[in-house]
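Undergrad: See input18.tsv below, with TSV, N, CA and C atoms and all ligand atoms.
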```
chain	number	residue	atom	x	y	z
A	4	MET	N	13.34	48.79	117.29
A	4	MET	CA	11.93	48.58	116.99
A	4	MET	C	11.75	47.94	115.62
A	5	LYS	N	10.88	46.97	115.56
A	5	LYS	CA	10.64	46.25	114.32
A	5	LYS	C	9.22	46.52	113.85
A	6	ILE	N	9.10	46.88	112.57
A	6	ILE	CA	7.75	47.07	112.01
A	6	ILE	C	7.29	45.71	111.48
A	7	ILE	N	6.13	45.33	111.87
A	7	ILE	CA	5.59	44.02	111.48
A	7	ILE	C	4.51	44.18	110.42
A	8	CYS	N	4.55	43.32	109.43
A	8	CYS	CA	3.51	43.30	108.39
A	8	CYS	C	2.23	42.79	109.03
A	9	GLU	N	1.18	43.58	108.92
A	9	GLU	CA	-0.07	43.22	109.58
A	9	GLU	C	-0.73	42.00	108.97
A	10	LYS	N	-0.48	41.81	107.67
A	10	LYS	CA	-1.10	40.70	106.97
A	10	LYS	C	-0.37	39.38	107.24
A	11	HIS	N	0.96	39.43	107.20
A	11	HIS	CA	1.73	38.20	107.28
A	11	HIS	C	2.41	38.00	108.64
A	12	PHE	N	2.37	38.98	109.43
A	12	PHE	CA	3.02	38.94	110.76
A	12	PHE	C	4.51	38.64	110.66
A	13	THR	N	5.13	39.19	109.63
A	13	THR	CA	6.59	39.06	109.47
A	13	THR	C	7.17	40.47	109.40
A	14	ALA	N	8.48	40.53	109.44
A	14	ALA	CA	9.15	41.83	109.42
A	14	ALA	C	8.86	42.58	108.12
A	15	ALA	N	8.28	43.79	108.25
A	15	ALA	CA	8.02	44.61	107.07
A	15	ALA	C	9.27	45.43	106.78
A	16	GLU	N	9.94	45.10	105.68
A	16	GLU	CA	11.21	45.76	105.37
A	16	GLU	C	11.08	46.89	104.36
A	17	TYR	N	9.89	47.07	103.81
A	17	TYR	CA	9.71	48.10	102.79
A	17	TYR	C	8.50	48.96	103.11
A	18	PHE	N	8.54	50.22	102.55
A	18	PHE	CA	7.35	51.06	102.62
A	18	PHE	C	6.83	51.24	101.21
A	19	SER	N	5.58	50.85	100.98
A	19	SER	CA	4.99	50.98	99.65
A	19	SER	C	4.28	52.32	99.54
A	20	LYS	N	4.77	53.17	98.60
A	20	LYS	CA	4.13	54.47	98.38
A	20	LYS	C	2.71	54.25	97.86
A	21	GLU	N	2.57	53.21	97.04
A	21	GLU	CA	1.29	52.92	96.41
A	21	GLU	C	0.24	52.55	97.47
A	22	LEU	N	0.66	51.66	98.36
A	22	LEU	CA	-0.28	51.20	99.39
A	22	LEU	C	-0.30	52.13	100.61
A	23	GLY	N	0.77	52.90	100.73
A	23	GLY	CA	0.87	53.81	101.86
A	23	GLY	C	1.07	53.09	103.19
A	24	GLU	N	1.75	51.94	103.10
A	24	GLU	CA	2.02	51.20	104.33
A	24	GLU	C	3.29	50.37	104.24
A	25	TYR	N	3.74	49.84	105.37
A	25	TYR	CA	4.93	48.98	105.40
A	25	TYR	C	4.55	47.59	104.95
A	26	VAL	N	5.39	47.03	104.10
A	26	VAL	CA	5.09	45.69	103.57
A	26	VAL	C	6.29	44.77	103.74
A	27	CYS	N	6.00	43.46	103.71
A	27	CYS	CA	7.08	42.47	103.80
A	27	CYS	C	7.36	41.86	102.41
A	28	ASN	N	8.33	40.95	102.35
A	28	ASN	CA	8.67	40.29	101.07
A	28	ASN	C	7.47	39.58	100.45
A	29	LYS	N	6.70	38.91	101.32
A	29	LYS	CA	5.53	38.17	100.84
A	29	LYS	C	4.52	39.09	100.17
A	30	CYS	N	4.33	40.29	100.77
A	30	CYS	CA	3.42	41.28	100.19
A	30	CYS	C	3.88	41.67	98.78
A	31	LEU	N	5.21	41.89	98.66
A	31	LEU	CA	5.77	42.29	97.36
A	31	LEU	C	5.53	41.21	96.30
A	32	VAL	N	5.82	39.96	96.71
A	32	VAL	CA	5.63	38.83	95.79
A	32	VAL	C	4.17	38.75	95.36
A	33	GLU	N	3.27	38.87	96.30
A	33	GLU	CA	1.84	38.81	95.99
A	33	GLU	C	1.42	39.93	95.07
A	34	SER	N	1.86	41.17	95.37
A	34	SER	CA	1.41	42.33	94.60
A	34	SER	C	1.90	42.28	93.16
A	35	GLN	N	3.05	41.60	92.94
A	35	GLN	CA	3.60	41.51	91.57
A	35	GLN	C	3.11	40.27	90.82
A	36	GLY	N	2.31	39.43	91.50
A	36	GLY	CA	1.84	38.18	90.87
A	36	GLY	C	3.00	37.25	90.58
A	37	LEU	N	4.02	37.27	91.43
A	37	LEU	CA	5.21	36.45	91.19
A	37	LEU	C	5.01	35.03	91.70
A	38	THR	N	5.61	34.08	91.01
A	38	THR	CA	5.58	32.69	91.43
A	38	THR	C	7.01	32.25	91.67
A	39	ALA	N	7.25	31.66	92.82
A	39	ALA	CA	8.61	31.23	93.14
A	39	ALA	C	9.02	30.08	92.22
A	40	ILE	N	10.27	30.09	91.82
A	40	ILE	CA	10.79	29.03	90.95
A	40	ILE	C	11.23	27.86	91.82
A	41	ASP	N	10.62	26.67	91.57
A	41	ASP	CA	10.99	25.52	92.39
A	41	ASP	C	12.25	24.86	91.84
A	42	GLU	N	12.78	23.91	92.60
A	42	GLU	CA	14.06	23.27	92.24
A	42	GLU	C	14.00	22.57	90.89
A	43	GLN	N	12.86	21.87	90.63
A	43	GLN	CA	12.70	21.14	89.38
A	43	GLN	C	12.77	22.09	88.19
A	44	THR	N	12.03	23.22	88.35
A	44	THR	CA	12.03	24.21	87.27
A	44	THR	C	13.42	24.78	87.05
A	45	LYS	N	14.13	25.01	88.17
A	45	LYS	CA	15.50	25.52	88.07
A	45	LYS	C	16.38	24.56	87.28
A	46	LYS	N	16.17	23.24	87.54
A	46	LYS	CA	16.96	22.22	86.85
A	46	LYS	C	16.64	22.25	85.36
A	47	TYR	N	15.33	22.33	85.03
A	47	TYR	CA	14.92	22.41	83.62
A	47	TYR	C	15.57	23.61	82.94
A	48	MET	N	15.55	24.74	83.64
A	48	MET	CA	16.10	25.96	83.06
A	48	MET	C	17.61	25.84	82.85
A	49	CYS	N	18.28	25.17	83.79
A	49	CYS	CA	19.73	24.94	83.64
A	49	CYS	C	19.99	24.04	82.44
A	50	ASP	N	19.17	22.96	82.35
A	50	ASP	CA	19.32	22.04	81.21
A	50	ASP	C	19.08	22.77	79.90
A	51	PHE	N	18.03	23.57	79.91
A	51	PHE	CA	17.67	24.31	78.70
A	51	PHE	C	18.80	25.25	78.29
A	52	ASP	N	19.37	25.90	79.29
A	52	ASP	CA	20.47	26.83	79.03
A	52	ASP	C	21.67	26.08	78.46
A	53	GLU	N	21.91	24.87	79.01
A	53	GLU	CA	23.02	24.03	78.54
A	53	GLU	C	22.79	23.64	77.09
A	54	ILE	N	21.55	23.20	76.80
A	54	ILE	CA	21.20	22.79	75.42
A	54	ILE	C	21.37	23.97	74.46
A	55	ARG	N	20.92	25.13	74.93
A	55	ARG	CA	21.02	26.35	74.11
A	55	ARG	C	22.49	26.66	73.78
A	56	LYS	N	23.34	26.53	74.80
A	56	LYS	CA	24.77	26.80	74.61
A	56	LYS	C	25.37	25.79	73.62
A	57	ASN	N	25.04	24.49	73.83
A	57	ASN	CA	25.57	23.44	72.94
A	57	ASN	C	25.13	23.65	71.51
A	58	THR	N	23.84	24.02	71.36
A	58	THR	CA	23.31	24.25	70.01
A	58	THR	C	24.07	25.37	69.32
A	59	MET	N	24.24	26.45	70.06
A	59	MET	CA	24.95	27.62	69.52
A	59	MET	C	26.37	27.24	69.12
A	60	GLU	N	27.01	26.44	70.00
A	60	GLU	CA	28.38	26.02	69.75
A	60	GLU	C	28.47	25.18	68.48
A	61	SER	N	27.52	24.22	68.35
A	61	SER	CA	27.59	23.34	67.18
A	61	SER	C	27.24	24.09	65.90
A	62	ILE	N	26.34	25.08	66.02
A	62	ILE	CA	26.02	25.89	64.83
A	62	ILE	C	27.27	26.63	64.37
A	63	LEU	N	27.98	27.21	65.34
A	63	LEU	CA	29.20	27.96	65.00
A	63	LEU	C	30.27	27.04	64.42
A	64	LYS	N	30.39	25.82	65.04
A	64	LYS	CA	31.40	24.86	64.57
A	64	LYS	C	31.08	24.37	63.17
A	65	ASN	N	29.76	24.18	62.90
A	65	ASN	CA	29.36	23.60	61.62
A	65	ASN	C	29.19	24.61	60.50
A	66	ARG	N	29.31	25.88	60.84
A	66	ARG	CA	29.12	26.90	59.81
A	66	ARG	C	30.08	26.67	58.63
A	67	LYS	N	31.30	26.28	58.96
A	67	LYS	CA	32.32	26.03	57.94
A	67	LYS	C	31.86	24.87	57.04
A	68	ASN	N	31.34	23.79	57.69
A	68	ASN	CA	30.87	22.63	56.92
A	68	ASN	C	29.71	22.98	56.01
A	69	VAL	N	28.80	23.82	56.53
A	69	VAL	CA	27.64	24.23	55.73
A	69	VAL	C	28.12	24.98	54.49
A	70	ASN	N	29.13	25.84	54.69
A	70	ASN	CA	29.69	26.57	53.55
A	70	ASN	C	30.32	25.61	52.54
A	71	THR	N	31.02	24.59	53.07
A	71	THR	CA	31.63	23.60	52.18
A	71	THR	C	30.56	22.89	51.37
A	72	MET	N	29.47	22.50	52.04
A	72	MET	CA	28.38	21.81	51.35
A	72	MET	C	27.75	22.69	50.28
A	73	LEU	N	27.61	23.97	50.60
A	73	LEU	CA	27.05	24.92	49.62
A	73	LEU	C	27.95	25.00	48.39
A	74	GLU	N	29.28	25.03	48.65
A	74	GLU	CA	30.23	25.08	47.53
A	74	GLU	C	30.12	23.83	46.68
A	75	TRP	N	30.01	22.66	47.36
A	75	TRP	CA	29.85	21.40	46.64
A	75	TRP	C	28.62	21.44	45.75
A	76	LYS	N	27.52	21.87	46.36
A	76	LYS	CA	26.25	21.90	45.64
A	76	LYS	C	26.37	22.77	44.39
A	77	ASP	N	26.98	23.94	44.57
A	77	ASP	CA	27.15	24.85	43.45
A	77	ASP	C	28.02	24.24	42.35
A	78	SER	N	29.11	23.58	42.77
A	78	SER	CA	30.02	23.04	41.75
A	78	SER	C	29.39	21.84	41.05
A	79	ILE	N	28.60	21.02	41.80
A	79	ILE	CA	27.91	19.89	41.16
A	79	ILE	C	26.89	20.40	40.15
A	80	ARG	N	26.14	21.44	40.56
A	80	ARG	CA	25.14	22.02	39.66
A	80	ARG	C	25.82	22.56	38.40
A	81	HIS	N	26.98	23.22	38.61
A	81	HIS	CA	27.71	23.79	37.47
A	81	HIS	C	28.14	22.68	36.51
A	82	GLU	N	28.70	21.58	37.07
A	82	GLU	CA	29.15	20.47	36.23
A	82	GLU	C	27.99	19.87	35.46
A	83	LEU	N	26.84	19.73	36.14
A	83	LEU	CA	25.65	19.17	35.49
A	83	LEU	C	25.23	20.03	34.30
A	84	MET	N	25.30	21.36	34.50
A	84	MET	CA	24.92	22.27	33.42
A	84	MET	C	25.88	22.14	32.24
A	85	VAL	N	27.18	21.95	32.54
A	85	VAL	CA	28.17	21.78	31.47
A	85	VAL	C	27.86	20.50	30.69
A	86	VAL	N	27.56	19.40	31.44
A	86	VAL	CA	27.24	18.13	30.79
A	86	VAL	C	25.99	18.27	29.93
A	87	LYS	N	24.98	18.94	30.48
A	87	LYS	CA	23.71	19.13	29.76
A	87	LYS	C	23.96	19.89	28.47
A	88	GLU	N	24.78	20.94	28.58
A	88	GLU	CA	25.13	21.78	27.42
A	88	GLU	C	25.79	20.93	26.33
A	89	GLU	N	26.79	20.11	26.77
A	89	GLU	CA	27.53	19.26	25.83
A	89	GLU	C	26.59	18.26	25.17
A	90	PHE	N	25.70	17.69	25.99
A	90	PHE	CA	24.76	16.68	25.52
A	90	PHE	C	23.81	17.27	24.47
A	91	SER	N	23.26	18.47	24.79
A	91	SER	CA	22.36	19.14	23.86
A	91	SER	C	23.07	19.44	22.55
A	92	LYS	N	24.34	19.89	22.67
A	92	LYS	CA	25.12	20.21	21.47
A	92	LYS	C	25.29	18.95	20.62
A	93	ALA	N	25.61	17.81	21.28
A	93	ALA	CA	25.83	16.56	20.56
A	93	ALA	C	24.54	16.12	19.85
A	94	ILE	N	23.40	16.26	20.54
A	94	ILE	CA	22.11	15.87	19.93
A	94	ILE	C	21.81	16.76	18.73
A	95	ASP	N	22.06	18.07	18.88
A	95	ASP	CA	21.83	19.01	17.78
A	95	ASP	C	22.68	18.64	16.57
A	96	GLN	N	23.96	18.35	16.84
A	96	GLN	CA	24.88	17.99	15.75
A	96	GLN	C	24.42	16.71	15.06
A	97	TYR	N	24.02	15.72	15.87
A	97	TYR	CA	23.57	14.45	15.31
A	97	TYR	C	22.32	14.66	14.45
A	98	THR	N	21.37	15.47	14.97
A	98	THR	CA	20.14	15.75	14.25
A	98	THR	C	20.46	16.42	12.91
A	99	ASP	N	21.37	17.40	12.93
A	99	ASP	CA	21.77	18.10	11.70
A	99	ASP	C	22.35	17.11	10.68
A	100	LYS	N	23.25	16.23	11.19
A	100	LYS	CA	23.88	15.25	10.30
A	100	LYS	C	22.83	14.32	9.70
A	101	PHE	N	21.88	13.90	10.53
A	101	PHE	CA	20.84	12.97	10.09
A	101	PHE	C	19.98	13.60	9.00
A	102	VAL	N	19.56	14.87	9.26
A	102	VAL	CA	18.73	15.60	8.29
A	102	VAL	C	19.50	15.78	6.99
A	103	GLU	N	20.80	16.11	7.13
A	103	GLU	CA	21.67	16.32	5.96
A	103	GLU	C	21.77	15.03	5.14
A	104	SER	N	21.94	13.89	5.83
A	104	SER	CA	22.07	12.61	5.11
A	104	SER	C	20.77	12.25	4.40
A	105	LEU	N	19.62	12.57	5.00
A	105	LEU	CA	18.32	12.31	4.35
A	105	LEU	C	18.19	13.16	3.10
A	106	ARG	N	18.67	14.40	3.16
A	106	ARG	CA	18.60	15.31	2.02
A	106	ARG	C	19.39	14.72	0.85
A	107	GLU	N	20.55	14.14	1.17
A	107	GLU	CA	21.37	13.53	0.11
A	107	GLU	C	20.64	12.38	-0.55
A	108	ILE	N	19.94	11.56	0.24
A	108	ILE	CA	19.19	10.42	-0.31
A	108	ILE	C	18.06	10.93	-1.20
A	109	ASP	N	17.32	11.96	-0.74
A	109	ASP	CA	16.21	12.54	-1.51
A	109	ASP	C	16.66	13.01	-2.88
A	110	GLN	N	17.90	13.59	-2.91
A	110	GLN	CA	18.38	14.19	-4.15
A	110	GLN	C	19.13	13.21	-5.05
A	111	SER	N	19.36	11.98	-4.53
A	111	SER	CA	20.18	11.05	-5.33
A	111	SER	C	19.40	10.55	-6.55
A	112	SER	N	20.13	10.30	-7.63
A	112	SER	CA	19.47	9.88	-8.88
A	112	SER	C	18.98	8.44	-8.78
A	113	GLU	N	19.62	7.65	-7.92
A	113	GLU	CA	19.21	6.25	-7.76
A	113	GLU	C	17.76	6.15	-7.33
A	114	LEU	N	17.37	7.06	-6.42
A	114	LEU	CA	16.00	7.02	-5.92
A	114	LEU	C	15.01	7.48	-6.99
A	115	ALA	N	15.48	8.37	-7.87
A	115	ALA	CA	14.60	8.90	-8.91
A	115	ALA	C	14.07	7.78	-9.80
A	116	LEU	N	14.89	6.75	-10.01
A	116	LEU	CA	14.47	5.62	-10.83
A	116	LEU	C	13.24	4.93	-10.26
A	117	PHE	N	13.14	4.94	-8.96
A	117	PHE	CA	12.03	4.22	-8.33
A	117	PHE	C	10.76	5.06	-8.21
A	118	GLN	N	10.83	6.33	-8.66
A	118	GLN	CA	9.65	7.18	-8.54
A	118	GLN	C	8.52	6.64	-9.43
A	119	GLY	N	7.33	6.54	-8.88
A	119	GLY	CA	6.19	6.05	-9.64
A	119	GLY	C	6.24	4.54	-9.88
A	120	GLU	N	7.10	3.85	-9.14
A	120	GLU	CA	7.29	2.41	-9.34
A	120	GLU	C	6.01	1.63	-9.00
A	121	ASP	N	5.34	2.01	-7.95
A	121	ASP	CA	4.10	1.32	-7.55
A	121	ASP	C	3.06	1.40	-8.67
A	122	LYS	N	2.92	2.62	-9.20
A	122	LYS	CA	1.93	2.87	-10.25
A	122	LYS	C	2.24	2.02	-11.49
A	123	ARG	N	3.53	2.01	-11.86
A	123	ARG	CA	3.95	1.26	-13.05
A	123	ARG	C	3.64	-0.23	-12.89
A	124	GLN	N	3.95	-0.76	-11.68
A	124	GLN	CA	3.71	-2.19	-11.46
A	124	GLN	C	2.23	-2.56	-11.50
A	125	SER	N	1.39	-1.67	-10.91
A	125	SER	CA	-0.05	-1.99	-10.92
A	125	SER	C	-0.61	-1.90	-12.35
A	126	MET	N	-0.06	-0.99	-13.18
A	126	MET	CA	-0.48	-0.90	-14.59
A	126	MET	C	-0.10	-2.18	-15.34
A	127	GLN	N	1.10	-2.68	-15.08
A	127	GLN	CA	1.55	-3.93	-15.72
A	127	GLN	C	0.64	-5.09	-15.35
A	128	LEU	N	0.27	-5.11	-14.05
A	128	LEU	CA	-0.62	-6.18	-13.57
A	128	LEU	C	-1.97	-6.12	-14.29
A	129	LEU	N	-2.52	-4.90	-14.46
A	129	LEU	CA	-3.80	-4.73	-15.15
A	129	LEU	C	-3.73	-5.21	-16.60
A	130	GLU	N	-2.63	-4.85	-17.26
A	130	GLU	CA	-2.44	-5.27	-18.66
A	130	GLU	C	-2.39	-6.78	-18.79
A	131	MET	N	-1.68	-7.42	-17.84
A	131	MET	CA	-1.57	-8.88	-17.85
A	131	MET	C	-2.94	-9.54	-17.65
A	132	GLU	N	-3.74	-8.94	-16.78
A	132	GLU	CA	-5.09	-9.47	-16.55
A	132	GLU	C	-5.92	-9.38	-17.82
A	133	LYS	N	-5.83	-8.23	-18.51
A	133	LYS	CA	-6.58	-8.03	-19.74
A	133	LYS	C	-6.19	-9.08	-20.80
A	134	LYS	N	-4.86	-9.29	-20.95
A	134	LYS	CA	-4.35	-10.27	-21.93
A	134	LYS	C	-4.84	-11.66	-21.58
A	135	PHE	N	-4.83	-11.99	-20.32
A	135	PHE	CA	-5.27	-13.30	-19.85
A	135	PHE	C	-6.75	-13.51	-20.18
A	136	GLU	N	-7.56	-12.45	-19.99
A	136	GLU	CA	-8.99	-12.51	-20.28
A	136	GLU	C	-9.23	-12.74	-21.79
A	137	SER	N	-8.45	-12.04	-22.61
A	137	SER	CA	-8.63	-12.16	-24.05
A	137	SER	C	-8.21	-13.55	-24.58
A	138	VAL	N	-7.23	-14.18	-23.91
A	138	VAL	CA	-6.78	-15.53	-24.29
A	138	VAL	C	-7.86	-16.56	-23.94
A	139	GLU	N	-8.54	-16.37	-22.88
A	139	GLU	CA	-9.51	-17.35	-22.37
A	139	GLU	C	-10.67	-17.63	-23.29
B	201	ZN	ZN	3.25	41.12	104.23
```
Give the structure from this file in structure tokens form.
Ligand SMILES: [Zn+2]
TA:
Amino acid sequence: MKIICEKHFTAAEYFSKELGEYVCNKCLVESQGLTAIDEQTKKYMCDFDEIRKNTMESILKNRKNVNTMLEWKDSIRHELMVVKEEFSKAIDQYTDKFVESLREIDQSSELALFQGEDKRQSMQLLEMEKKFESVE
């Protein structure tokens, strides 16, 4: 004896406690809101799975390279900092030397002779003008 689904007129292979009646596969699919997966979707899912696997594989393969790049980046940064340090030191030393050399010039006796030179020359010029006026 075969129990037939009253709704679908197909073989009812299950008894639903919830519905209190015999149901077929179609009833189950309907009650769960299920949608059958078509061939195209299956192909997409297979492709997607393939892509996912390839991605995972390449990530694992490239992990070593990423680490190498990180090491490079760190060592380049370190070298740059060393160069910067050396450069700053050289500029500081040069600045010190320059300031020191200016101090020597300020304190030299040769420069002392020229102190007030502008004033002296303008006074001489004034005196010459006065003498010229008196001669006229
Ligand atoms: Zn049914």
Undergrad: What do you get as an mmCIF file with N, CA and C atoms, in the coordinates of the input if you pick all residues at most 8 Å from ligand ZN 201 (chain B), counting only N, CA and C atoms and all ligand atoms?
TA:
```
data_model
loop_
_atom_site.group_PDB
_atom_site.id
_atom_site.type_symbol
_atom_site.label_atom_id
_atom_site.label_comp_id
_atom_site.auth_asym_id
_atom_site.auth_seq_id
_atom_site.Cartn_x
_atom_site.Cartn_y
_atom_site.Cartn_z
ATOM 1 N N ILE A 7 6.130 45.330 111.870
ATOM 2 C CA ILE A 7 5.590 44.020 111.480
ATOM 3 C C ILE A 7 4.510 44.180 110.420
ATOM 4 N N CYS A 8 4.550 43.320 109.430
ATOM 5 C CA CYS A 8 3.510 43.300 108.390
ATOM 6 C C CYS A 8 2.230 42.790 109.030
ATOM 7 N N GLU A 9 1.180 43.580 108.920
ATOM 8 C CA GLU A 9 -0.070 43.220 109.580
ATOM 9 C C GLU A 9 -0.730 42.000 108.970
ATOM 10 N N LYS A 10 -0.480 41.810 107.670
ATOM 11 C CA LYS A 10 -1.100 40.700 106.970
ATOM 12 C C LYS A 10 -0.370 39.380 107.240
ATOM 13 N N HIS A 11 0.960 39.430 107.200
ATOM 14 C CA HIS A 11 1.730 38.200 107.280
ATOM 15 C C HIS A 11 2.410 38.000 108.640
ATOM 16 N N PHE A 12 2.370 38.980 109.430
ATOM 17 C CA PHE A 12 3.020 38.940 110.760
ATOM 18 C C PHE A 12 4.510 38.640 110.660
ATOM 19 N N THR A 13 5.130 39.190 109.630
ATOM 20 C CA THR A 13 6.590 39.060 109.470
ATOM 21 C C THR A 13 7.170 40.470 109.400
ATOM 22 N N ALA A 14 8.480 40.530 109.440
ATOM 23 C CA ALA A 14 9.150 41.830 109.420
ATOM 24 C C ALA A 14 8.860 42.580 108.120
ATOM 25 N N ALA A 15 8.280 43.790 108.250
ATOM 26 C CA ALA A 15 8.020 44.610 107.070
ATOM 27 C C ALA A 15 9.270 45.430 106.780
ATOM 28 N N GLU A 16 9.940 45.100 105.680
ATOM 29 C CA GLU A 16 11.210 45.760 105.370
ATOM 30 C C GLU A 16 11.080 46.890 104.360
ATOM 31 N N TYR A 25 3.740 49.840 105.370
ATOM 32 C CA TYR A 25 4.930 48.980 105.400
ATOM 33 C C TYR A 25 4.550 47.590 104.950
ATOM 34 N N VAL A 26 5.390 47.030 104.100
ATOM 35 C CA VAL A 26 5.090 45.690 103.570
ATOM 36 C C VAL A 26 6.290 44.770 103.740
ATOM 37 N N CYS A 27 6.000 43.460 103.710
ATOM 38 C CA CYS A 27 7.080 42.470 103.800
ATOM 39 C C CYS A 27 7.360 41.860 102.410
ATOM 40 N N ASN A 28 8.330 40.950 102.350
ATOM 41 C CA ASN A 28 8.670 40.290 101.070
ATOM 42 C C ASN A 28 7.470 39.580 100.450
ATOM 43 N N LYS A 29 6.700 38.910 101.320
ATOM 44 C CA LYS A 29 5.530 38.170 100.840
ATOM 45 C C LYS A 29 4.520 39.090 100.170
ATOM 46 N N CYS A 30 4.330 40.290 100.770
ATOM 47 C CA CYS A 30 3.420 41.280 100.190
ATOM 48 C C CYS A 30 3.880 41.670 98.780
ATOM 49 N N LEU A 31 5.210 41.890 98.660
ATOM 50 C CA LEU A 31 5.770 42.290 97.360
ATOM 51 C C LEU A 31 5.530 41.210 96.300
#
```
Undergrad: Rounded to one decimal, what separation in Å do you get between CA of Leu22 in chain A and CA of Ser34 in chain A?
TA: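 CA of Ser34 in chain A lies at a distance of 10.2 Å from CA of Leu22 in chain A.
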Undergrad: List every residue of chain A that DSSP, applied to the backbone of this structure, assigns to helix (DSSP H, G or I), and report them as a PyMOL selection string.
TA: chain A and resi 28-34+42-110+112-116+120-138
Undergrad: Write down as a VMD selection string the residues of chain A whose backbone DSSP state falls under strand (DSSP E or B).
TA: chain A and resid 7 14 17 to 19 24 to 26
Undergrad: Expressed in Å to a single decimal, how great is the separation between CA of Ile108 in chain A and CA of Ser91 in chain A?
TA: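 Here the two named atoms are 25.9 Å from each other.
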Undergrad: From the structure block, carefully write range 51-62 of chain A out with N, CA and C atoms; format it as a PDB file, in the first residue's frame.
TA:
```pdb
ATOM      1  N   PHE A  51      33.491  29.287  -7.663  1.00  0.00           N
ATOM      2  CA  PHE A  51      33.780  30.080  -6.472  1.00  0.00           C
ATOM      3  C   PHE A  51      34.662  29.288  -5.508  1.00  0.00           C
ATOM      4  N   ASP A  52      34.311  28.017  -5.357  1.00  0.00           N
ATOM      5  CA  ASP A  52      35.082  27.146  -4.463  1.00  0.00           C
ATOM      6  C   ASP A  52      36.510  26.990  -4.968  1.00  0.00           C
ATOM      7  N   GLU A  53      36.630  26.880  -6.311  1.00  0.00           N
ATOM      8  CA  GLU A  53      37.954  26.748  -6.940  1.00  0.00           C
ATOM      9  C   GLU A  53      38.779  28.002  -6.675  1.00  0.00           C
ATOM     10  N   ILE A  54      38.135  29.165  -6.893  1.00  0.00           N
ATOM     11  CA  ILE A  54      38.823  30.453  -6.676  1.00  0.00           C
ATOM     12  C   ILE A  54      39.262  30.579  -5.215  1.00  0.00           C
ATOM     13  N   ARG A  55      38.355  30.167  -4.333  1.00  0.00           N
ATOM     14  CA  ARG A  55      38.645  30.237  -2.887  1.00  0.00           C
ATOM     15  C   ARG A  55      39.874  29.377  -2.551  1.00  0.00           C
ATOM     16  N   LYS A  56      39.906  28.176  -3.131  1.00  0.00           N
ATOM     17  CA  LYS A  56      41.039  27.268  -2.880  1.00  0.00           C
ATOM     18  C   LYS A  56      42.336  27.872  -3.417  1.00  0.00           C
ATOM     19  N   ASN A  57      42.271  28.402  -4.672  1.00  0.00           N
ATOM     20  CA  ASN A  57      43.465  29.002  -5.283  1.00  0.00           C
ATOM     21  C   ASN A  57      43.974  30.182  -4.477  1.00  0.00           C
ATOM     22  N   THR A  58      43.015  31.006  -4.009  1.00  0.00           N
ATOM     23  CA  THR A  58      43.395  32.178  -3.216  1.00  0.00           C
ATOM     24  C   THR A  58      44.122  31.749  -1.949  1.00  0.00           C
ATOM     25  N   MET A  59      43.537  30.772  -1.282  1.00  0.00           N
ATOM     26  CA  MET A  59      44.120  30.267  -0.031  1.00  0.00           C
ATOM     27  C   MET A  59      45.523  29.722  -0.286  1.00  0.00           C
ATOM     28  N   GLU A  60      45.642  28.988  -1.409  1.00  0.00           N
ATOM     29  CA  GLU A  60      46.930  28.391  -1.763  1.00  0.00           C
ATOM     30  C   GLU A  60      47.985  29.465  -2.002  1.00  0.00           C
ATOM     31  N   SER A  61      47.583  30.507  -2.775  1.00  0.00           N
ATOM     32  CA  SER A  61      48.567  31.549  -3.094  1.00  0.00           C
ATOM     33  C   SER A  61      48.914  32.376  -1.863  1.00  0.00           C
ATOM     34  N   ILE A  62      47.932  32.551  -0.967  1.00  0.00           N
ATOM     35  CA  ILE A  62      48.235  33.280   0.279  1.00  0.00           C
ATOM     36  C   ILE A  62      49.281  32.508   1.079  1.00  0.00           C
TER      37      ILE A  62
END
```
